[in-house]
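With TSV, C-alpha atoms inside, this is data_26.tsv:
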```tsv
chain	number	residue	atom	x	y	z
X	1	MET	CA	6.24	-8.44	31.69
X	2	PHE	CA	2.53	-7.67	31.55
X	3	TYR	CA	-0.06	-10.13	30.23
X	4	ASP	CA	-3.83	-10.18	29.74
X	5	ASP	CA	-4.49	-10.62	33.46
X	6	ASP	CA	-2.57	-7.40	34.15
X	7	ALA	CA	-4.65	-5.29	31.76
X	8	ASP	CA	-8.28	-4.24	32.20
X	9	LEU	CA	-9.86	-3.78	28.78
X	10	SER	CA	-13.01	-2.37	30.38
X	11	LEU	CA	-11.08	0.85	31.09
X	12	LEU	CA	-11.68	1.65	27.42
X	13	ASP	CA	-15.48	1.32	27.78
X	14	GLY	CA	-17.19	4.57	26.85
X	15	LYS	CA	-13.99	6.05	25.45
X	16	THR	CA	-13.24	6.90	21.85
X	17	VAL	CA	-9.83	5.96	20.51
X	18	ALA	CA	-8.63	8.12	17.62
X	19	ILE	CA	-6.02	6.47	15.41
X	20	ILE	CA	-4.10	9.06	13.39
X	21	GLY	CA	-2.79	7.32	10.28
X	22	TYR	CA	-3.75	4.09	8.53
X	23	GLY	CA	-0.45	2.60	7.41
X	24	SER	CA	1.12	-0.67	8.50
X	25	GLN	CA	0.54	-0.11	12.22
X	26	GLY	CA	-2.50	2.15	11.90
X	27	HIS	CA	-4.67	-0.37	10.13
X	28	ALA	CA	-3.71	-3.15	12.56
X	29	HIS	CA	-4.36	-1.09	15.70
X	30	SER	CA	-7.67	0.21	14.36
X	31	LEU	CA	-9.05	-3.16	13.35
X	32	ASN	CA	-7.80	-5.03	16.42
X	33	LEU	CA	-9.32	-2.41	18.75
X	34	LYS	CA	-12.59	-2.52	16.81
X	35	ASP	CA	-12.68	-6.31	17.11
X	36	SER	CA	-12.01	-5.89	20.86
X	37	GLY	CA	-15.19	-3.84	21.16
X	38	VAL	CA	-13.53	-0.43	21.40
X	39	GLU	CA	-15.02	2.64	19.71
X	40	VAL	CA	-12.50	3.72	17.05
X	41	VAL	CA	-12.30	6.69	14.71
X	42	VAL	CA	-9.53	6.99	12.13
X	43	GLY	CA	-8.05	10.40	11.34
X	44	LEU	CA	-6.79	10.90	7.78
X	45	ARG	CA	-6.31	13.68	5.26
X	46	PRO	CA	-9.45	13.90	3.06
X	47	ASN	CA	-7.37	13.11	-0.05
X	48	SER	CA	-5.55	10.16	1.52
X	49	SER	CA	-5.60	6.96	-0.54
X	50	SER	CA	-6.33	5.07	2.69
X	51	VAL	CA	-9.73	6.69	3.34
X	52	GLN	CA	-11.72	4.24	1.24
X	53	GLU	CA	-9.68	1.27	2.45
X	54	ALA	CA	-10.47	2.10	6.08
X	55	ARG	CA	-14.15	2.66	5.33
X	56	ASP	CA	-14.32	-0.62	3.44
X	57	ALA	CA	-12.98	-2.29	6.59
X	58	GLY	CA	-15.96	-0.93	8.52
X	59	LEU	CA	-14.15	1.91	10.27
X	60	GLU	CA	-15.35	5.47	10.75
X	61	VAL	CA	-13.01	7.94	9.04
X	62	THR	CA	-12.79	11.68	9.52
X	63	ASP	CA	-10.16	14.36	9.11
X	64	VAL	CA	-7.22	14.47	11.52
X	65	ALA	CA	-8.33	17.53	13.51
X	66	ASP	CA	-11.84	16.15	14.06
X	67	ALA	CA	-10.52	12.74	15.10
X	68	ALA	CA	-8.07	14.31	17.55
X	69	SER	CA	-10.80	16.42	19.15
X	70	ARG	CA	-13.14	13.43	19.46
X	71	GLY	CA	-10.61	11.02	20.89
X	72	ASP	CA	-10.30	10.47	24.62
X	73	ILE	CA	-7.23	8.51	23.60
X	74	VAL	CA	-5.30	9.72	20.56
X	75	MET	CA	-2.73	7.37	19.05
X	76	VAL	CA	-0.36	8.98	16.53
X	77	LEU	CA	0.80	6.38	13.99
X	78	LEU	CA	2.15	8.63	11.24
X	79	PRO	CA	5.69	8.48	9.81
X	80	ASP	CA	8.13	10.08	12.28
X	81	GLU	CA	9.02	12.91	9.92
X	82	LYS	CA	5.38	14.06	9.75
X	83	HIS	CA	4.68	14.16	13.49
X	84	GLY	CA	5.79	17.71	14.22
X	85	ASP	CA	3.90	19.42	11.41
X	86	VAL	CA	0.70	17.39	11.83
X	87	TRP	CA	0.81	17.90	15.59
X	88	ARG	CA	0.99	21.66	15.24
X	89	GLU	CA	-1.51	21.90	12.36
X	90	SER	CA	-4.18	19.38	13.30
X	91	ILE	CA	-3.73	17.55	16.59
X	92	ALA	CA	-2.55	19.86	19.38
X	93	ASP	CA	-5.70	22.00	19.61
X	94	GLY	CA	-7.89	18.90	19.96
X	95	ILE	CA	-6.05	17.34	22.90
X	96	ALA	CA	-8.06	18.20	26.01
X	97	PRO	CA	-6.77	18.10	29.61
X	98	GLY	CA	-6.98	14.56	30.96
X	99	ASN	CA	-6.77	12.94	27.52
X	100	LEU	CA	-4.22	10.23	26.80
X	101	LEU	CA	-1.86	11.02	23.92
X	102	MET	CA	-0.15	7.89	22.59
X	103	PHE	CA	2.59	6.95	20.17
X	104	GLY	CA	3.87	3.77	18.55
X	105	HIS	CA	7.46	5.09	18.66
X	106	GLY	CA	9.01	7.66	20.96
X	107	PHE	CA	11.03	9.59	18.35
X	108	SER	CA	9.06	12.83	18.14
X	109	VAL	CA	8.59	13.25	21.89
X	110	HIS	CA	12.11	12.15	22.85
X	111	TYR	CA	13.73	14.54	20.37
X	112	GLY	CA	11.39	17.45	21.06
X	113	GLU	CA	9.43	17.55	17.82
X	114	ILE	CA	6.28	17.29	19.92
X	115	GLU	CA	6.00	18.91	23.35
X	116	PRO	CA	2.70	17.72	24.88
X	117	PRO	CA	0.90	20.04	27.32
X	118	ALA	CA	1.45	19.26	30.99
X	119	GLU	CA	-2.18	18.40	31.70
X	120	VAL	CA	-2.39	15.35	29.40
X	121	ASP	CA	-1.17	11.79	29.83
X	122	VAL	CA	1.50	10.66	27.35
X	123	ALA	CA	2.30	7.00	26.75
X	124	LEU	CA	3.73	4.63	24.19
X	125	VAL	CA	2.62	1.17	23.07
X	126	ALA	CA	4.89	-0.31	20.44
X	127	PRO	CA	4.29	-3.80	19.02
X	128	LYS	CA	7.62	-5.40	18.13
X	129	SER	CA	6.38	-6.53	14.75
X	130	PRO	CA	5.21	-5.17	11.40
X	131	GLY	CA	1.56	-4.19	11.34
X	132	HIS	CA	0.40	-7.00	9.05
X	133	LEU	CA	1.67	-9.53	11.60
X	134	VAL	CA	0.06	-7.62	14.49
X	135	ARG	CA	-3.25	-8.02	12.65
X	136	ARG	CA	-2.78	-11.62	11.53
X	137	GLN	CA	-1.68	-12.88	14.94
X	138	PHE	CA	-4.66	-11.16	16.56
X	139	GLN	CA	-7.09	-12.76	14.11
X	140	GLU	CA	-5.55	-16.16	14.88
X	141	GLY	CA	-6.10	-15.67	18.60
X	142	ARG	CA	-2.48	-14.86	19.39
X	143	GLY	CA	-0.49	-11.66	19.74
X	144	VAL	CA	2.94	-10.14	19.27
X	145	PRO	CA	5.15	-8.84	22.10
X	146	GLY	CA	5.12	-5.12	22.72
X	147	LEU	CA	6.71	-2.29	24.67
X	148	LEU	CA	4.97	0.16	26.98
X	149	ALA	CA	6.24	3.45	28.37
X	150	VAL	CA	4.68	6.35	30.26
X	151	HIS	CA	6.26	9.72	29.54
X	152	GLN	CA	3.77	11.87	31.43
X	153	ASP	CA	1.12	10.83	33.96
X	154	ALA	CA	-1.07	13.86	34.58
X	155	THR	CA	-4.14	11.88	35.72
X	156	GLY	CA	-2.51	8.96	37.51
X	157	ASN	CA	-4.24	6.59	35.07
X	158	ALA	CA	-1.80	6.63	32.14
X	159	LYS	CA	-0.28	3.20	32.74
X	160	PRO	CA	-3.56	1.27	33.30
X	161	LEU	CA	-5.07	2.91	30.20
X	162	ALA	CA	-2.00	2.18	28.09
X	163	LEU	CA	-2.10	-1.45	29.27
X	164	ALA	CA	-5.78	-1.64	28.31
X	165	TYR	CA	-4.85	-0.33	24.86
X	166	ALA	CA	-2.06	-2.93	24.61
X	167	ARG	CA	-4.59	-5.63	25.44
X	168	GLY	CA	-7.01	-4.25	22.87
X	169	ILE	CA	-4.48	-4.71	20.06
X	170	GLY	CA	-3.38	-8.15	21.34
X	171	CYS	CA	0.08	-7.42	22.72
X	172	THR	CA	-0.64	-8.60	26.27
X	173	ARG	CA	-1.41	-12.05	24.85
X	174	ALA	CA	2.31	-12.40	24.11
X	175	GLY	CA	3.72	-10.10	26.79
X	176	VAL	CA	4.49	-6.40	27.19
X	177	ILE	CA	7.76	-5.02	28.56
X	178	GLU	CA	7.80	-1.68	30.39
X	179	THR	CA	10.46	0.78	29.24
X	180	SER	CA	10.95	4.53	28.71
X	181	PHE	CA	10.55	6.78	25.66
X	182	ARG	CA	14.32	7.31	25.60
X	183	GLU	CA	15.22	3.64	25.79
X	184	GLU	CA	12.62	2.55	23.23
X	185	THR	CA	13.64	5.25	20.77
X	186	GLU	CA	17.40	4.87	21.03
X	187	THR	CA	17.45	1.05	20.95
X	188	ASP	CA	14.98	0.99	18.06
X	189	LEU	CA	17.04	3.41	15.96
X	190	PHE	CA	20.27	1.59	16.77
X	191	GLY	CA	18.81	-1.80	15.84
X	192	GLU	CA	17.55	-0.46	12.52
X	193	GLN	CA	20.77	1.31	11.59
X	194	ALA	CA	23.47	-1.04	12.84
X	195	VAL	CA	21.90	-4.50	12.53
X	196	LEU	CA	18.43	-5.05	11.09
X	197	CYS	CA	18.47	-2.70	8.11
X	198	GLY	CA	21.70	-0.73	7.65
X	199	GLY	CA	24.08	-3.42	8.87
X	200	LEU	CA	22.30	-6.29	7.16
X	201	THR	CA	21.76	-4.71	3.74
X	202	GLU	CA	25.35	-3.48	3.56
X	203	LEU	CA	26.64	-6.93	4.58
X	204	VAL	CA	24.53	-8.55	1.84
X	205	ARG	CA	25.78	-6.14	-0.82
X	206	ALA	CA	29.39	-6.50	0.31
X	207	GLY	CA	29.19	-10.29	0.18
X	208	TYR	CA	27.48	-10.24	-3.20
X	209	GLU	CA	30.06	-7.86	-4.65
X	210	THR	CA	32.95	-9.90	-3.27
X	211	LEU	CA	31.72	-13.00	-5.10
X	212	THR	CA	30.75	-11.33	-8.38
X	213	ASP	CA	33.97	-9.26	-8.48
X	214	ALA	CA	35.85	-12.57	-8.17
X	215	GLY	CA	34.03	-13.87	-11.26
X	216	TYR	CA	31.36	-16.06	-9.67
X	217	ASP	CA	27.90	-16.45	-11.21
X	218	PRO	CA	25.67	-13.56	-10.00
X	219	ARG	CA	22.83	-16.02	-9.52
X	220	LEU	CA	24.84	-18.13	-7.09
X	221	ALA	CA	26.01	-14.98	-5.30
X	222	TYR	CA	22.38	-13.92	-4.88
X	223	PHE	CA	21.36	-17.26	-3.42
X	224	GLU	CA	24.31	-17.45	-1.03
X	225	CYS	CA	24.26	-13.86	0.20
X	226	LEU	CA	20.56	-12.91	0.15
X	227	HIS	CA	18.09	-15.70	-0.62
X	228	GLU	CA	19.31	-18.09	2.07
X	229	LEU	CA	19.20	-15.36	4.73
X	230	LYS	CA	15.58	-16.30	5.46
X	231	LEU	CA	16.56	-19.86	6.36
X	232	ILE	CA	19.13	-18.67	8.90
X	233	ILE	CA	16.99	-15.84	10.28
X	234	ASP	CA	14.00	-18.16	10.76
X	235	LEU	CA	16.21	-20.57	12.74
X	236	MET	CA	17.54	-17.73	14.90
X	237	TYR	CA	14.02	-16.36	15.40
X	238	GLU	CA	12.72	-19.75	16.52
X	239	LYS	CA	15.74	-21.13	18.42
X	240	GLY	CA	18.24	-18.32	19.08
X	241	ILE	CA	21.81	-18.21	17.79
X	242	GLY	CA	22.77	-21.41	19.57
X	243	GLY	CA	19.76	-23.25	18.18
X	244	MET	CA	20.60	-22.05	14.68
X	245	ARG	CA	24.15	-23.39	15.07
X	246	ASP	CA	22.75	-26.74	16.18
X	247	SER	CA	20.77	-26.91	12.94
X	248	ILE	CA	23.53	-26.14	10.42
X	249	SER	CA	26.46	-28.29	9.31
X	250	ASN	CA	29.68	-28.51	11.30
X	251	THR	CA	31.43	-26.84	8.37
X	252	ALA	CA	29.07	-23.89	8.51
X	253	GLU	CA	29.27	-23.62	12.29
X	254	TYR	CA	33.07	-23.73	12.35
X	255	GLY	CA	33.17	-21.03	9.64
X	256	ASP	CA	30.67	-18.98	11.65
X	257	LEU	CA	32.72	-19.16	14.84
X	258	THR	CA	36.13	-18.54	13.27
X	259	ARG	CA	35.38	-16.13	10.40
X	260	GLY	CA	32.42	-14.13	11.65
X	261	PRO	CA	34.51	-12.05	14.08
X	262	ARG	CA	36.84	-11.15	11.22
X	263	VAL	CA	33.96	-9.62	9.24
X	264	VAL	CA	32.36	-7.87	12.20
X	265	GLY	CA	35.59	-6.98	13.97
X	266	GLU	CA	36.85	-4.06	16.03
X	267	GLN	CA	36.31	-1.54	13.21
X	268	SER	CA	32.65	-2.55	12.91
X	269	ARG	CA	32.15	-2.47	16.67
X	270	ALA	CA	33.71	0.99	16.83
X	271	ALA	CA	31.36	2.16	14.07
X	272	MET	CA	28.39	0.77	16.04
X	273	LYS	CA	29.44	2.77	19.11
X	274	GLU	CA	29.76	5.89	16.96
X	275	ILE	CA	26.29	5.33	15.50
X	276	LEU	CA	24.84	4.85	18.98
X	277	GLY	CA	26.51	8.08	20.08
X	278	GLU	CA	24.85	9.98	17.23
X	279	ILE	CA	21.49	8.59	18.28
X	280	GLN	CA	22.00	9.43	21.95
X	281	SER	CA	23.16	12.99	21.22
X	282	GLY	CA	20.26	13.69	18.87
X	283	ALA	CA	22.61	14.21	15.90
X	284	PHE	CA	20.84	11.57	13.81
X	285	ALA	CA	17.42	12.98	14.63
X	286	ARG	CA	18.49	16.50	13.67
X	287	GLU	CA	19.98	15.20	10.41
X	288	PHE	CA	16.84	13.22	9.56
X	289	ILE	CA	14.48	16.10	10.36
X	290	ALA	CA	16.60	18.53	8.31
X	291	GLU	CA	16.66	16.10	5.38
X	292	ASN	CA	12.87	15.92	5.32
X	293	LYS	CA	12.43	19.68	5.68
X	294	ALA	CA	14.75	20.11	2.70
X	295	GLY	CA	12.51	17.94	0.53
X	296	GLN	CA	14.29	14.56	0.84
X	297	GLU	CA	16.52	15.25	-2.17
X	298	ASN	CA	19.49	13.34	-0.76
X	299	PHE	CA	17.21	10.63	0.64
X	300	ASN	CA	15.56	10.02	-2.73
X	301	ARG	CA	18.91	10.04	-4.54
X	302	MET	CA	20.22	7.29	-2.25
X	303	ARG	CA	17.02	5.29	-2.73
X	304	GLN	CA	17.39	5.43	-6.52
X	305	GLU	CA	21.06	4.50	-6.42
X	306	GLN	CA	20.45	1.48	-4.21
X	307	ALA	CA	17.48	0.33	-6.31
X	308	GLY	CA	19.79	-0.03	-9.30
X	309	HIS	CA	22.31	-2.31	-7.58
X	310	GLN	CA	22.94	-5.62	-9.36
X	311	VAL	CA	21.78	-7.65	-6.38
X	312	GLU	CA	18.36	-6.02	-6.84
X	313	THR	CA	18.09	-6.52	-10.58
X	314	GLU	CA	19.43	-10.08	-10.45
X	315	GLY	CA	17.16	-10.86	-7.51
X	316	GLU	CA	14.09	-9.54	-9.30
X	317	LYS	CA	14.72	-11.94	-12.20
X	318	LEU	CA	15.27	-14.91	-9.90
X	319	ARG	CA	12.25	-14.17	-7.70
X	320	SER	CA	10.04	-14.06	-10.79
X	321	MET	CA	10.78	-17.78	-11.16
X	322	MET	CA	9.78	-18.59	-7.57
X	323	ASP	CA	6.08	-19.30	-7.78
X	324	TRP	CA	5.87	-20.08	-4.07
X	325	LEU	CA	6.71	-16.44	-3.24
X	326	LYS	CA	3.62	-15.30	-5.15
X	327	THR	CA	1.54	-17.84	-3.23
X	328	GLU	CA	2.89	-16.60	0.12
X	329	ALA	CA	2.20	-12.96	-0.81
```

Will you turn the file into structure tokens for me?
Amino acid sequence: MFYDDDADLSLLDGKTVAIIGYGSQGHAHSLNLKDSGVEVVVGLRPNSSSVQEARDAGLEVTDVADAASRGDIVMVLLPDEKHGDVWRESIADGIAPGNLLMFGHGFSVHYGEIEPPAEVDVALVAPKSPGHLVRRQFQEGRGVPGLLAVHQDATGNAKPLALAYARGIGCTRAGVIETSFREETETDLFGEQAVLCGGLTELVRAGYETLTDAGYDPRLAYFECLHELKLIIDLMYEKGIGGMRDSISNTAEYGDLTRGPRVVGEQSRAAMKEILGEIQSGAFAREFIAENKAGQENFNRMRQEQAGHQVETEGEKLRSMMDWLKTEA
């Protein structure tokens, strides 16, 4: 683990950091670096809806190619599916020998969508948190944990510079773990697909459908299978699984211990191994890249189908009655 004392922010003195993209992570990295005294330029398409937002935040904005050519450090924070095309069209020509090319996720380098030239440093700094929390924690004097990896060290300075960047966005306040592009990419994809997103959303829908198909009130099914997730997840986040079990009733804990393995049994574990195999082999990456090159027709169809599920429509009605959610937002 690396902390503030392990990272020398002064290594960024006199350097320009180009942030390519201004989404969830892009805005947080840009603003945190600016507040850390680093010279930042944001690279965006001229017609991007984020241009005015970034300028209103006091950031310099230019087009992607200009930002890439000006940056001594270039951090690519675009959606994964855009990396290859934007790299070839607007970034590659601006990356000079000795520059540090950075990413917030190793997907495009690990799967060969981007092949950096041999004479540049290539590193990854990935906060383990959504961008809005990266920004909020920084403003409150704290930070979120992060990952760091060096893929290519042409100058011998890639790791110290990447650590300085991690300090500039606040990650070394909480702690940074060193890893590799392969490990970060494959574990991140697996977590999203099998647990955090794919596994969780399918579990919620399956539970909801089981109750409503049995004739139970859809409102109660929503509360039991989706709404109360936050209570359990918050306990696990703060105290771990054991701490969560200490906080729930004996009835709930006994049901957890005896019934949970029946829901996530051998079939589910076998499916997880299969999913991990597709990630390791590159099969998922090839499928995802092909889907985007084909115009996302299948992707958008699945989005629309899921948006119409009863748990979504019922939840929208119930959340409209929860004034505290509007206050939190």

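With all atoms listed in the file as the basis for measurement, X:Ile233 is the residue among X:Met1, X:Val61, X:Val176, X:Ile233 that approaches X:Leu196 most closely.
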
>> Residues near stretch 26-40 of chain X, anyone? I mean within 7 Å using all atoms listed in the file, not counting same-chain ones fewer than 4 positions away, as a PyMOL selection string.
In response: chain X and resi 12-13+15-19+21-22+77+131-132+134-135+138+168-169

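The spacing separating atom CA of X:Glu316 from atom CA of X:Ser24 amounts to 23.7 Å.
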
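Among the candidates X:Ala96, X:Ala162, X:Val311, X:Leu325, the residue lying nearest to X:Ala206 is X:Val311 (atoms considered: all atoms listed in the file).
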
>> With distances taken over all atoms listed in the file, which residue among X:Gly170, X:Gly255, X:Gly199, X:Gly315 lies nearest X:Ala7?
In response: X:Gly170

>> I'd like to know which of X:Asp121, X:Asp4, X:Gly112, X:Gly240 is closest to X:Arg142, using all atoms listed in the file.
In response: X:Asp4

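Pairwise distance (atom CA of X:Ile20, atom CA of X:Thr155) equals 22.5 Å.
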
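Between atom CA of X:Ala123 and atom CA of X:Ile177 there is a distance of 13.3 Å.
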
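Comparing X:Asp217, X:Glu266, X:Glu192, X:Glu81 by their smallest distance to X:Glu287, the closest is X:Glu81 (using all atoms listed in the file).
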
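Nearest to X:Ile91 of all the residues X:Gly106, X:Gly43, X:Pro130, X:Gly207 is X:Gly43, based on only C-alpha atoms.
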
Write out as an mmCIF file with C-alpha atoms, keeping the file's coordinate frame the residues lying within 12 Å of X:Arg45, counting only C-alpha atoms and excluding same-chain residues fewer than 5 positions away.
```cif
data_model
loop_
_atom_site.group_PDB
_atom_site.id
_atom_site.type_symbol
_atom_site.label_atom_id
_atom_site.label_comp_id
_atom_site.auth_asym_id
_atom_site.auth_seq_id
_atom_site.Cartn_x
_atom_site.Cartn_y
_atom_site.Cartn_z
ATOM 1 C CA ILE X 20 -4.100 9.060 13.390
ATOM 2 C CA GLY X 21 -2.790 7.320 10.280
ATOM 3 C CA TYR X 22 -3.750 4.090 8.530
ATOM 4 C CA SER X 50 -6.330 5.070 2.690
ATOM 5 C CA VAL X 51 -9.730 6.690 3.340
ATOM 6 C CA GLN X 52 -11.720 4.240 1.240
ATOM 7 C CA VAL X 61 -13.010 7.940 9.040
ATOM 8 C CA THR X 62 -12.790 11.680 9.520
ATOM 9 C CA ASP X 63 -10.160 14.360 9.110
ATOM 10 C CA VAL X 64 -7.220 14.470 11.520
ATOM 11 C CA ALA X 65 -8.330 17.530 13.510
ATOM 12 C CA ASP X 66 -11.840 16.150 14.060
ATOM 13 C CA ALA X 67 -10.520 12.740 15.100
ATOM 14 C CA LEU X 78 2.150 8.630 11.240
ATOM 15 C CA VAL X 86 0.700 17.390 11.830
ATOM 16 C CA GLU X 89 -1.510 21.900 12.360
ATOM 17 C CA SER X 90 -4.180 19.380 13.300
#
```

Using only C-alpha atoms, determine which residues lie at most 9 Å from stretch 288-297 of chain X, disregarding the query and same-chain residues fewer than 5 positions distant; provide the list as a PDB file with C-alpha atoms, keeping the file's coordinate frame.
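Final output, saved to selection.pdb:
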```
ATOM      1  CA  ASP X  80       8.130  10.080  12.280  1.00  0.00           C
ATOM      2  CA  GLU X  81       9.020  12.910   9.920  1.00  0.00           C
ATOM      3  CA  LYS X  82       5.380  14.060   9.750  1.00  0.00           C
ATOM      4  CA  ALA X 283      22.610  14.210  15.900  1.00  0.00           C
ATOM      5  CA  MET X 302      20.220   7.290  -2.250  1.00  0.00           C
TER       6      MET X 302
END
```

Extending 4 Å beyond the listed atoms of stretch 110-117 of chain X on each side, what axis-aligned box results? I want centre and edge lengths in Å to one decimal, as lines of an AutoDock Vina configuration file.
```
center_x = 7.3
center_y = 16.1
center_z = 22.6
size_x = 20.8
size_y = 15.9
size_z = 17.5
```
